[in-house]
>>> print(open('work12.cif').read())   # mmCIF, C-alpha atoms
data_protein
#
loop_
_atom_site.group_PDB
_atom_site.id
_atom_site.type_symbol
_atom_site.label_atom_id
_atom_site.label_comp_id
_atom_site.auth_asym_id
_atom_site.auth_seq_id
_atom_site.Cartn_x
_atom_site.Cartn_y
_atom_site.Cartn_z
ATOM 1 C CA MET A 1 5.655 1.736 -46.766
ATOM 2 C CA LYS A 2 2.973 -0.634 -48.042
ATOM 3 C CA MET A 3 3.276 -4.155 -46.649
ATOM 4 C CA VAL A 4 2.094 -7.454 -48.096
ATOM 5 C CA ARG A 5 1.354 -10.594 -46.112
ATOM 6 C CA LEU A 6 3.115 -13.860 -46.928
ATOM 7 C CA ASN A 7 1.460 -17.274 -46.607
ATOM 8 C CA ASN A 8 2.786 -17.703 -43.045
ATOM 9 C CA GLY A 9 1.493 -14.322 -41.874
ATOM 10 C CA VAL A 10 4.835 -12.488 -42.016
ATOM 11 C CA GLU A 11 4.563 -9.011 -43.513
ATOM 12 C CA ILE A 12 7.127 -7.767 -46.036
ATOM 13 C CA PRO A 13 7.564 -4.258 -47.491
ATOM 14 C CA ILE A 14 6.401 -4.369 -51.109
ATOM 15 C CA LEU A 15 9.367 -2.250 -52.205
ATOM 16 C CA GLY A 16 12.877 -3.473 -51.502
ATOM 17 C CA PHE A 17 16.400 -2.210 -52.088
ATOM 18 C CA GLY A 18 18.592 -4.607 -54.055
ATOM 19 C CA THR A 19 22.354 -4.736 -53.618
ATOM 20 C CA TYR A 20 23.387 -6.951 -56.542
ATOM 21 C CA GLN A 21 26.629 -5.792 -58.216
ATOM 22 C CA ILE A 22 27.415 -3.299 -55.443
ATOM 23 C CA THR A 23 30.683 -5.061 -54.671
ATOM 24 C CA ASP A 24 32.853 -2.223 -53.400
ATOM 25 C CA PRO A 25 32.557 -2.505 -49.588
ATOM 26 C CA GLU A 26 32.481 1.214 -48.884
ATOM 27 C CA GLN A 27 29.983 1.854 -51.654
ATOM 28 C CA ALA A 28 27.725 -0.988 -50.516
ATOM 29 C CA GLU A 29 27.775 0.187 -46.902
ATOM 30 C CA THR A 30 26.960 3.756 -47.910
ATOM 31 C CA ALA A 31 24.259 2.675 -50.359
ATOM 32 C CA VAL A 32 22.434 0.685 -47.674
ATOM 33 C CA GLN A 33 22.582 3.613 -45.265
ATOM 34 C CA GLU A 34 21.279 5.987 -47.940
ATOM 35 C CA ALA A 35 18.517 3.576 -48.946
ATOM 36 C CA ILE A 36 17.305 3.290 -45.367
ATOM 37 C CA ARG A 37 17.529 7.062 -45.000
ATOM 38 C CA ALA A 38 15.407 7.428 -48.146
ATOM 39 C CA GLY A 39 12.714 5.228 -46.623
ATOM 40 C CA TYR A 40 13.526 1.656 -47.626
ATOM 41 C CA ARG A 41 12.937 -0.906 -44.903
ATOM 42 C CA HIS A 42 13.507 -3.995 -47.034
ATOM 43 C CA ILE A 43 17.129 -4.778 -47.952
ATOM 44 C CA ASP A 44 18.050 -7.676 -50.254
ATOM 45 C CA THR A 45 21.487 -9.277 -50.467
ATOM 46 C CA ALA A 46 22.941 -12.750 -51.113
ATOM 47 C CA GLN A 47 25.963 -14.863 -50.325
ATOM 48 C CA SER A 48 27.051 -14.649 -53.965
ATOM 49 C CA TYR A 49 26.906 -10.843 -53.998
ATOM 50 C CA MET A 50 29.975 -10.892 -51.744
ATOM 51 C CA ASN A 51 28.742 -7.832 -49.846
ATOM 52 C CA GLU A 52 26.961 -9.220 -46.770
ATOM 53 C CA GLU A 53 29.517 -7.698 -44.386
ATOM 54 C CA ALA A 54 29.193 -4.245 -45.965
ATOM 55 C CA VAL A 55 25.405 -4.516 -46.021
ATOM 56 C CA GLY A 56 25.500 -5.462 -42.349
ATOM 57 C CA ARG A 57 27.594 -2.417 -41.519
ATOM 58 C CA GLY A 58 25.183 -0.200 -43.416
ATOM 59 C CA ILE A 59 22.278 -1.648 -41.473
ATOM 60 C CA ALA A 60 24.089 -1.169 -38.156
ATOM 61 C CA LYS A 61 24.965 2.447 -38.954
ATOM 62 C CA SER A 62 21.492 3.356 -40.226
ATOM 63 C CA GLY A 63 20.174 4.146 -36.782
ATOM 64 C CA VAL A 64 16.912 2.316 -37.550
ATOM 65 C CA ALA A 65 15.766 -0.353 -35.104
ATOM 66 C CA ARG A 66 16.309 -3.918 -36.317
ATOM 67 C CA LYS A 67 12.631 -4.817 -35.875
ATOM 68 C CA GLU A 68 11.690 -2.118 -38.398
ATOM 69 C CA LEU A 69 13.863 -3.662 -41.107
ATOM 70 C CA PHE A 70 13.259 -6.655 -43.343
ATOM 71 C CA ILE A 71 16.491 -8.342 -44.423
ATOM 72 C CA THR A 72 16.812 -10.994 -47.134
ATOM 73 C CA THR A 73 19.822 -13.097 -48.051
ATOM 74 C CA LYS A 74 20.228 -16.154 -50.277
ATOM 75 C CA ILE A 75 22.039 -19.495 -50.175
ATOM 76 C CA TRP A 76 24.463 -19.939 -53.065
ATOM 77 C CA VAL A 77 24.635 -23.146 -55.140
ATOM 78 C CA GLU A 78 27.740 -24.588 -53.446
ATOM 79 C CA ASN A 79 25.857 -24.489 -50.123
ATOM 80 C CA VAL A 80 22.565 -25.968 -51.345
ATOM 81 C CA SER A 81 22.393 -29.064 -49.154
ATOM 82 C CA TYR A 82 21.221 -29.809 -45.628
ATOM 83 C CA GLU A 83 24.623 -29.305 -43.987
ATOM 84 C CA GLY A 84 25.548 -26.552 -46.441
ATOM 85 C CA VAL A 85 22.581 -24.433 -45.419
ATOM 86 C CA LEU A 86 23.153 -24.906 -41.695
ATOM 87 C CA SER A 87 26.822 -23.941 -41.850
ATOM 88 C CA SER A 88 26.653 -21.181 -44.462
ATOM 89 C CA PHE A 89 23.593 -19.590 -42.853
ATOM 90 C CA GLU A 90 25.542 -19.091 -39.644
ATOM 91 C CA ARG A 91 28.353 -17.482 -41.638
ATOM 92 C CA SER A 92 25.854 -15.166 -43.349
ATOM 93 C CA LEU A 93 24.390 -14.177 -39.966
ATOM 94 C CA LYS A 94 27.873 -13.379 -38.701
ATOM 95 C CA ARG A 95 28.775 -11.348 -41.785
ATOM 96 C CA LEU A 96 25.523 -9.396 -41.537
ATOM 97 C CA GLY A 97 25.908 -8.922 -37.794
ATOM 98 C CA LEU A 98 22.336 -10.076 -37.178
ATOM 99 C CA ASP A 99 20.590 -12.477 -34.817
ATOM 100 C CA TYR A 100 17.990 -13.553 -37.371
ATOM 101 C CA ILE A 101 17.067 -13.161 -41.046
ATOM 102 C CA ASP A 102 13.622 -12.104 -42.203
ATOM 103 C CA LEU A 103 13.739 -14.034 -45.475
ATOM 104 C CA LEU A 104 16.156 -16.748 -46.610
ATOM 105 C CA LEU A 105 16.035 -17.968 -50.211
ATOM 106 C CA ILE A 106 17.629 -20.798 -52.158
ATOM 107 C CA HIS A 107 19.280 -18.637 -54.808
ATOM 108 C CA GLN A 108 19.201 -21.055 -57.760
ATOM 109 C CA PRO A 109 17.211 -24.262 -58.432
ATOM 110 C CA TYR A 110 20.275 -26.513 -58.447
ATOM 111 C CA GLY A 111 21.937 -28.912 -56.024
ATOM 112 C CA ASP A 112 20.268 -30.736 -53.152
ATOM 113 C CA VAL A 113 17.335 -28.349 -52.891
ATOM 114 C CA TYR A 114 15.312 -30.814 -50.801
ATOM 115 C CA GLY A 115 18.021 -31.212 -48.191
ATOM 116 C CA ALA A 116 18.522 -27.463 -48.171
ATOM 117 C CA TRP A 117 14.800 -26.899 -47.730
ATOM 118 C CA ARG A 118 14.615 -29.250 -44.741
ATOM 119 C CA ALA A 119 17.412 -27.275 -43.079
ATOM 120 C CA MET A 120 15.602 -24.011 -43.785
ATOM 121 C CA GLU A 121 12.383 -25.398 -42.328
ATOM 122 C CA GLU A 122 14.286 -26.280 -39.144
ATOM 123 C CA LEU A 123 15.875 -22.837 -38.925
ATOM 124 C CA GLN A 124 12.453 -21.268 -39.356
ATOM 125 C CA VAL A 125 11.023 -23.357 -36.512
ATOM 126 C CA GLN A 126 13.973 -22.250 -34.357
ATOM 127 C CA GLY A 127 13.102 -18.595 -35.028
ATOM 128 C CA LYS A 128 16.336 -17.826 -36.856
ATOM 129 C CA ILE A 129 14.438 -17.129 -40.089
ATOM 130 C CA ARG A 130 10.982 -15.554 -40.286
ATOM 131 C CA ALA A 131 10.199 -16.608 -43.859
ATOM 132 C CA ILE A 132 11.755 -19.023 -46.345
ATOM 133 C CA GLY A 133 11.546 -19.150 -50.094
ATOM 134 C CA VAL A 134 13.262 -19.704 -53.398
ATOM 135 C CA SER A 135 14.678 -17.703 -56.278
ATOM 136 C CA ASN A 136 14.671 -18.472 -59.997
ATOM 137 C CA PHE A 137 12.518 -21.581 -59.546
ATOM 138 C CA ALA A 138 9.987 -22.504 -62.223
ATOM 139 C CA VAL A 139 6.446 -22.762 -60.881
ATOM 140 C CA ASP A 140 6.459 -26.572 -61.067
ATOM 141 C CA GLN A 141 9.743 -26.713 -59.152
ATOM 142 C CA ALA A 142 8.333 -24.525 -56.378
ATOM 143 C CA VAL A 143 5.167 -26.635 -56.179
ATOM 144 C CA ASP A 144 7.197 -29.846 -56.124
ATOM 145 C CA LEU A 145 9.196 -28.484 -53.194
ATOM 146 C CA ALA A 146 5.996 -27.582 -51.364
ATOM 147 C CA GLU A 147 4.240 -30.899 -51.955
ATOM 148 C CA PHE A 148 7.067 -33.078 -50.661
ATOM 149 C CA ASN A 149 7.956 -30.976 -47.629
ATOM 150 C CA THR A 150 6.186 -29.313 -44.733
ATOM 151 C CA VAL A 151 6.422 -25.645 -45.714
ATOM 152 C CA THR A 152 5.257 -24.048 -48.960
ATOM 153 C CA PRO A 153 7.778 -21.439 -50.131
ATOM 154 C CA GLN A 154 6.707 -18.019 -48.991
ATOM 155 C CA VAL A 155 8.419 -16.197 -51.891
ATOM 156 C CA ASN A 156 9.805 -16.931 -55.355
ATOM 157 C CA GLN A 157 12.155 -14.189 -56.520
ATOM 158 C CA ILE A 158 12.233 -14.208 -60.330
ATOM 159 C CA GLU A 159 13.114 -11.964 -63.240
ATOM 160 C CA ILE A 160 10.119 -9.766 -64.090
ATOM 161 C CA ASN A 161 10.335 -6.671 -66.277
ATOM 162 C CA PRO A 162 8.505 -5.216 -69.297
ATOM 163 C CA PHE A 163 10.442 -7.483 -71.676
ATOM 164 C CA GLN A 164 9.976 -10.636 -69.538
ATOM 165 C CA GLN A 165 6.567 -10.104 -68.004
ATOM 166 C CA GLN A 166 5.838 -13.632 -66.706
ATOM 167 C CA THR A 167 2.120 -12.894 -66.415
ATOM 168 C CA LYS A 168 1.046 -16.558 -66.325
ATOM 169 C CA ASN A 169 3.767 -17.474 -63.835
ATOM 170 C CA ILE A 170 2.817 -14.602 -61.536
ATOM 171 C CA ALA A 171 -0.790 -15.849 -61.515
ATOM 172 C CA ALA A 172 0.297 -19.463 -61.023
ATOM 173 C CA LEU A 173 2.552 -18.606 -58.089
ATOM 174 C CA LYS A 174 -0.187 -16.586 -56.432
ATOM 175 C CA ALA A 175 -2.605 -19.469 -56.905
ATOM 176 C CA GLU A 176 -0.175 -21.623 -54.910
ATOM 177 C CA GLY A 177 0.125 -19.002 -52.162
ATOM 178 C CA ILE A 178 3.695 -18.126 -53.180
ATOM 179 C CA MET A 179 4.480 -14.412 -53.386
ATOM 180 C CA PRO A 180 6.283 -13.355 -56.593
ATOM 181 C CA GLU A 181 9.174 -10.951 -56.128
ATOM 182 C CA ALA A 182 10.790 -9.191 -59.091
ATOM 183 C CA TRP A 183 14.522 -8.955 -59.630
ATOM 184 C CA ALA A 184 15.859 -6.796 -62.470
ATOM 185 C CA PRO A 185 12.553 -4.891 -62.825
ATOM 186 C CA PHE A 186 14.357 -2.384 -65.066
ATOM 187 C CA ALA A 187 16.123 -5.176 -67.011
ATOM 188 C CA GLU A 188 19.411 -3.570 -65.921
ATOM 189 C CA GLY A 189 18.886 -0.970 -68.638
ATOM 190 C CA LYS A 190 18.812 -3.481 -71.486
ATOM 191 C CA ASN A 191 17.103 -2.595 -74.777
ATOM 192 C CA ASP A 192 17.523 1.074 -73.835
ATOM 193 C CA ILE A 193 14.562 0.615 -71.503
ATOM 194 C CA PHE A 194 14.828 4.043 -69.896
ATOM 195 C CA HIS A 195 14.214 5.659 -73.293
ATOM 196 C CA ASN A 196 11.533 3.251 -74.474
ATOM 197 C CA PRO A 197 8.916 5.389 -76.274
ATOM 198 C CA ILE A 198 5.923 3.635 -74.737
ATOM 199 C CA LEU A 199 7.236 3.858 -71.189
ATOM 200 C CA VAL A 200 8.437 7.452 -71.673
ATOM 201 C CA LYS A 201 5.012 8.498 -73.012
ATOM 202 C CA ILE A 202 3.203 6.911 -70.065
ATOM 203 C CA GLY A 203 5.620 8.534 -67.639
ATOM 204 C CA GLU A 204 5.130 11.976 -69.173
ATOM 205 C CA LYS A 205 1.387 11.642 -68.690
ATOM 206 C CA TYR A 206 1.851 11.315 -64.919
ATOM 207 C CA GLY A 207 5.023 13.353 -64.468
ATOM 208 C CA LYS A 208 6.909 10.162 -63.622
ATOM 209 C CA SER A 209 10.128 8.503 -64.760
ATOM 210 C CA VAL A 210 10.269 5.243 -66.684
ATOM 211 C CA ALA A 211 11.526 3.505 -63.525
ATOM 212 C CA GLN A 212 8.519 4.785 -61.598
ATOM 213 C CA VAL A 213 6.131 3.589 -64.318
ATOM 214 C CA ILE A 214 7.676 0.103 -64.268
ATOM 215 C CA THR A 215 7.569 -0.057 -60.482
ATOM 216 C CA ARG A 216 3.942 1.038 -60.438
ATOM 217 C CA TRP A 217 3.082 -1.549 -63.118
ATOM 218 C CA LEU A 218 4.538 -4.295 -60.914
ATOM 219 C CA LEU A 219 2.919 -3.015 -57.720
ATOM 220 C CA GLU A 220 -0.480 -3.058 -59.368
ATOM 221 C CA GLN A 221 0.057 -6.755 -60.086
ATOM 222 C CA GLY A 222 0.794 -7.363 -56.406
ATOM 223 C CA VAL A 223 4.455 -8.142 -57.070
ATOM 224 C CA ILE A 224 7.211 -7.262 -54.593
ATOM 225 C CA VAL A 225 9.782 -5.070 -56.358
ATOM 226 C CA LEU A 226 13.538 -4.903 -55.777
ATOM 227 C CA ALA A 227 15.188 -1.785 -57.187
ATOM 228 C CA LYS A 228 18.861 -0.872 -57.061
ATOM 229 C CA SER A 229 20.621 2.472 -57.297
ATOM 230 C CA ILE A 230 23.637 3.987 -55.608
ATOM 231 C CA GLN A 231 22.254 7.504 -56.152
ATOM 232 C CA PRO A 232 20.203 8.874 -53.203
ATOM 233 C CA THR A 233 17.975 10.899 -55.518
ATOM 234 C CA ARG A 234 17.143 7.775 -57.519
ATOM 235 C CA MET A 235 16.446 5.839 -54.334
ATOM 236 C CA GLN A 236 13.902 8.446 -53.286
ATOM 237 C CA GLU A 237 12.419 8.553 -56.778
ATOM 238 C CA ASN A 238 11.972 4.787 -56.848
ATOM 239 C CA LEU A 239 9.904 4.996 -53.666
ATOM 240 C CA ASP A 240 7.664 7.793 -54.958
ATOM 241 C CA VAL A 241 5.172 5.544 -56.747
ATOM 242 C CA PHE A 242 2.048 5.597 -54.602
ATOM 243 C CA ASP A 243 0.422 8.784 -55.917
ATOM 244 C CA PHE A 244 -0.692 7.615 -59.358
ATOM 245 C CA LYS A 245 -2.382 4.651 -61.040
ATOM 246 C CA LEU A 246 -2.015 3.178 -64.488
ATOM 247 C CA THR A 247 -5.040 2.898 -66.761
ATOM 248 C CA ASP A 248 -6.061 -0.266 -68.572
ATOM 249 C CA GLU A 249 -4.812 1.362 -71.775
ATOM 250 C CA ASP A 250 -1.404 1.993 -70.164
ATOM 251 C CA LYS A 251 -1.211 -1.657 -69.193
ATOM 252 C CA LYS A 252 -2.176 -2.822 -72.691
ATOM 253 C CA GLU A 253 0.636 -0.737 -74.142
ATOM 254 C CA ILE A 254 3.155 -2.131 -71.654
ATOM 255 C CA ALA A 255 1.941 -5.654 -72.470
ATOM 256 C CA MET A 256 3.054 -5.109 -76.071
ATOM 257 C CA LEU A 257 6.679 -4.861 -74.878
ATOM 258 C CA ASN A 258 6.753 -8.459 -73.686
ATOM 259 C CA GLU A 259 9.319 -10.622 -75.463
ATOM 260 C CA GLY A 260 8.517 -13.633 -73.321
ATOM 261 C CA GLU A 261 12.112 -14.587 -72.583
ATOM 262 C CA SER A 262 14.845 -13.766 -70.116
ATOM 263 C CA GLN A 263 16.923 -10.688 -70.801
ATOM 264 C CA PHE A 264 19.913 -12.437 -69.243
ATOM 265 C CA PHE A 265 20.069 -16.234 -69.580
ATOM 266 C CA SER A 266 17.952 -19.365 -69.418
ATOM 267 C CA HIS A 267 17.968 -21.365 -66.196
ATOM 268 C CA ALA A 268 17.334 -24.441 -68.350
ATOM 269 C CA ASP A 269 20.589 -23.976 -70.284
ATOM 270 C CA PRO A 270 22.905 -26.916 -69.424
ATOM 271 C CA ASP A 271 26.006 -24.743 -69.867
ATOM 272 C CA MET A 272 24.647 -22.213 -67.374
ATOM 273 C CA ILE A 273 23.866 -24.972 -64.882
ATOM 274 C CA ARG A 274 27.411 -26.314 -65.196
ATOM 275 C CA TRP A 275 28.847 -22.803 -64.779
ATOM 276 C CA MET A 276 26.882 -22.171 -61.591
ATOM 277 C CA ALA A 277 27.814 -25.589 -60.220
ATOM 278 C CA SER A 278 31.484 -24.788 -60.792
ATOM 279 C CA ARG A 279 31.334 -21.299 -59.244
ATOM 280 C CA LYS A 280 32.881 -21.933 -55.848
ATOM 281 C CA LEU A 281 32.967 -18.750 -53.781
ATOM 282 C CA GLY A 282 34.067 -20.149 -50.438
ATOM 283 C CA ILE A 283 31.212 -18.460 -48.625
#
>>> encode(input="work12.cif", output="structure tokens")
Amino acid sequence: MKMVRLNNGVEIPILGFGTYQITDPEQAETAVQEAIRAGYRHIDTAQSYMNEEAVGRGIAKSGVARKELFITTKIWVENVSYEGVLSSFERSLKRLGLDYIDLLLIHQPYGDVYGAWRAMEELQVQGKIRAIGVSNFAVDQAVDLAEFNTVTPQVNQIEINPFQQQTKNIAALKAEGIMPEAWAPFAEGKNDIFHNPILVKIGEKYGKSVAQVITRWLLEQGVIVLAKSIQPTRMQENLDVFDFKLTDEDKKEIAMLNEGESQFFSHADPDMIRWMASRKLGI
């Protein structure tokens, strides 16, 4: 598995297995085991996914040594404060059955992010977290966090897919030393993406699926990619992306698909902010 180096020297597998919306405990546990069996060493979960315990069981049953795995979880909005991070992080560790986390993210840019960040910095110094970062933060928000604290975020996990390409934001994050990580790289199938004529044509040229073309497109931009599937064959397929390269013409065609807006919702929408603030999960 190809690794990339974060701004603090920690290495992270460039391909990760996402577990969002895998809420059935048995299915989540099995999916994590199958993903690790397929070759994934980077597993991504979150407090709000409500599957940390199942993910932890899958990790434990995988038979792969802990030091060979890279595990990410995220702090949900109700816990985004100094004390909230310290207490909820310990609960996440317990649910996952782990002694440390490789990457901890603030899941959404709301709440007392500065207090939360100070707690994460302390946990990192203590060795309980190897890398810390954010998710869904605008570039200016991530820079603001870096400038008024000790540690620059190591990662910003954001929506990146052919319809929301975020080219300028990817470049801006990299310029700040913050690694971009893509969630929803396949836009969760929106706009019939798996049958998009441009992506299908490019895939046929290389004998690859649309998902493989998208993953390769992101890898060639130096973006960490999180893919999700509960099908072992798809898991293996999503990893099989290192034996071809896209041409400049391929990339120009993909660029034409950009709509320049989220395929899900705007993080600047006041109603969405209020909804997330009210979503108490007791985690």
>>> residues_near_point(input="work12.cif", point="(18.4, -6.5, -59.1)", cutoff="12 Å", atoms="only C-alpha atoms", output="VMD selection string")
chain A and resid 16 to 22 43 to 46 49 157 to 161 181 to 189 225 to 229 264
>>> resolve_selection(input="work12.cif", expression="the PyMOL selection byres ((chain A and resi 210) around 12)", output="PyMOL selection string")
chain A and resi 161-162+185-187+189+192-209+211-217+234+237-238+241+254
>>> axis_aligned_box(input="work12.cif", around="range 76-92 of chain A", padding_each_side="4 Å", output="AutoDock Vina command-line options")
--center_x 24.8 --center_y -22.5 --center_z -47.4 --size_x 15.1 --size_y 22.6 --size_z 23.5
>>> closest_residue(input="work12.cif", among="A:Gln108, A:Thr73, A:Asn79, A:Ser48", to="His267 in chain A", atoms="only C-alpha atoms")
A:Gln108
>>> resolve_selection(input="work12.cif", expression="the PyMOL selection byres ((chain A and resi 134-140) around 8)", output="list in words")
Leu104, Leu105, Ile106, His107, Gln108, Pro109, Ile132, Gly133, Gln141, Ala142, Val143, Asp144, Pro153, Val155, Asn156, Gln157, Ile158, Glu159, Asn169, Ala172, Leu173 and His267 of chain A
>>> atom_distance(input="work12.cif", atom1="CA of Ile14 in chain A", atom2="CA of Lys2 in chain A")
5.9 Å
>>> resolve_selection(input="work12.cif", expression="the PyMOL selection byres ((chain A and resi 122) around 12)", output="list in words")
Tyr82, Glu83, Val85, Leu86, Gly115, Ala116, Trp117, Arg118, Ala119, Met120, Glu121, Leu123, Gln124, Val125, Gln126, Gly127, Lys128, Ile129, Arg130, Ala131, Ile132, Asn149, Thr150 and Val151 of chain A
>>> write_last_selection(input="work12.cif", atoms="C-alpha atoms", output="PDB file, in the coordinates of the input")
ATOM      1  CA  TYR A  82      21.221 -29.809 -45.628  1.00  0.00           C
ATOM      2  CA  GLU A  83      24.623 -29.305 -43.987  1.00  0.00           C
ATOM      3  CA  VAL A  85      22.581 -24.433 -45.419  1.00  0.00           C
ATOM      4  CA  LEU A  86      23.153 -24.906 -41.695  1.00  0.00           C
ATOM      5  CA  GLY A 115      18.021 -31.212 -48.191  1.00  0.00           C
ATOM      6  CA  ALA A 116      18.522 -27.463 -48.171  1.00  0.00           C
ATOM      7  CA  TRP A 117      14.800 -26.899 -47.730  1.00  0.00           C
ATOM      8  CA  ARG A 118      14.615 -29.250 -44.741  1.00  0.00           C
ATOM      9  CA  ALA A 119      17.412 -27.275 -43.079  1.00  0.00           C
ATOM     10  CA  MET A 120      15.602 -24.011 -43.785  1.00  0.00           C
ATOM     11  CA  GLU A 121      12.383 -25.398 -42.328  1.00  0.00           C
ATOM     12  CA  LEU A 123      15.875 -22.837 -38.925  1.00  0.00           C
ATOM     13  CA  GLN A 124      12.453 -21.268 -39.356  1.00  0.00           C
ATOM     14  CA  VAL A 125      11.023 -23.357 -36.512  1.00  0.00           C
ATOM     15  CA  GLN A 126      13.973 -22.250 -34.357  1.00  0.00           C
ATOM     16  CA  GLY A 127      13.102 -18.595 -35.028  1.00  0.00           C
ATOM     17  CA  LYS A 128      16.336 -17.826 -36.856  1.00  0.00           C
ATOM     18  CA  ILE A 129      14.438 -17.129 -40.089  1.00  0.00           C
ATOM     19  CA  ARG A 130      10.982 -15.554 -40.286  1.00  0.00           C
ATOM     20  CA  ALA A 131      10.199 -16.608 -43.859  1.00  0.00           C
ATOM     21  CA  ILE A 132      11.755 -19.023 -46.345  1.00  0.00           C
ATOM     22  CA  ASN A 149       7.956 -30.976 -47.629  1.00  0.00           C
ATOM     23  CA  THR A 150       6.186 -29.313 -44.733  1.00  0.00           C
ATOM     24  CA  VAL A 151       6.422 -25.645 -45.714  1.00  0.00           C
TER      25      VAL A 151
END
>>> atom_distance(input="work12.cif", atom1="CA of Val4 in chain A", atom2="CA of Leu145 in chain A")
22.8 Å
>>> decode(input="work12.cif", residues="range 156-173 of chain A", atoms="N, CA and C atoms", output="tab-separated table (two decimals), in the first residue's frame")
chain	number	residue	atom	x	y	z
A	156	ASN	N	-7.32	17.43	6.51
A	156	ASN	CA	-8.68	17.97	6.42
A	156	ASN	C	-9.45	17.03	5.51
A	157	GLN	N	-10.42	16.34	6.09
A	157	GLN	CA	-11.23	15.38	5.33
A	157	GLN	C	-12.45	16.13	4.78
A	158	ILE	N	-12.53	16.22	3.45
A	158	ILE	CA	-13.59	17.00	2.81
A	158	ILE	C	-14.20	16.21	1.66
A	159	GLU	N	-15.37	16.67	1.23
A	159	GLU	CA	-16.02	16.06	0.07
A	159	GLU	C	-15.24	16.41	-1.20
A	160	ILE	N	-14.77	15.39	-1.90
A	160	ILE	CA	-14.12	15.58	-3.19
A	160	ILE	C	-14.59	14.45	-4.11
A	161	ASN	N	-15.15	14.81	-5.24
A	161	ASN	CA	-15.58	13.84	-6.24
A	161	ASN	C	-15.66	14.56	-7.58
A	162	PRO	N	-15.92	13.86	-8.67
A	162	PRO	CA	-15.92	14.52	-9.98
A	162	PRO	C	-16.91	15.67	-10.12
A	163	PHE	N	-17.95	15.71	-9.30
A	163	PHE	CA	-18.93	16.80	-9.38
A	163	PHE	C	-18.60	17.96	-8.42
A	164	GLN	N	-17.74	17.68	-7.44
A	164	GLN	CA	-17.30	18.69	-6.47
A	164	GLN	C	-15.79	18.51	-6.33
A	165	GLN	N	-15.06	19.08	-7.28
A	165	GLN	CA	-13.65	18.72	-7.43
A	165	GLN	C	-12.71	19.46	-6.48
A	166	GLN	N	-13.08	20.65	-6.04
A	166	GLN	CA	-12.32	21.38	-5.01
A	166	GLN	C	-10.85	21.57	-5.37
A	167	THR	N	-10.56	21.78	-6.63
A	167	THR	CA	-9.17	21.87	-7.08
A	167	THR	C	-8.40	22.97	-6.36
A	168	LYS	N	-8.99	24.16	-6.24
A	168	LYS	CA	-8.30	25.27	-5.57
A	168	LYS	C	-8.10	24.98	-4.09
A	169	ASN	N	-9.10	24.37	-3.46
A	169	ASN	CA	-8.98	24.07	-2.03
A	169	ASN	C	-7.94	22.99	-1.77
A	170	ILE	N	-7.85	22.01	-2.66
A	170	ILE	CA	-6.80	20.99	-2.52
A	170	ILE	C	-5.43	21.65	-2.55
A	171	ALA	N	-5.22	22.53	-3.52
A	171	ALA	CA	-3.93	23.23	-3.64
A	171	ALA	C	-3.66	24.11	-2.43
A	172	ALA	N	-4.70	24.80	-1.95
A	172	ALA	CA	-4.53	25.69	-0.80
A	172	ALA	C	-4.20	24.92	0.46
A	173	LEU	N	-4.86	23.79	0.67
A	173	LEU	CA	-4.56	22.97	1.84
A	173	LEU	C	-3.12	22.45	1.78
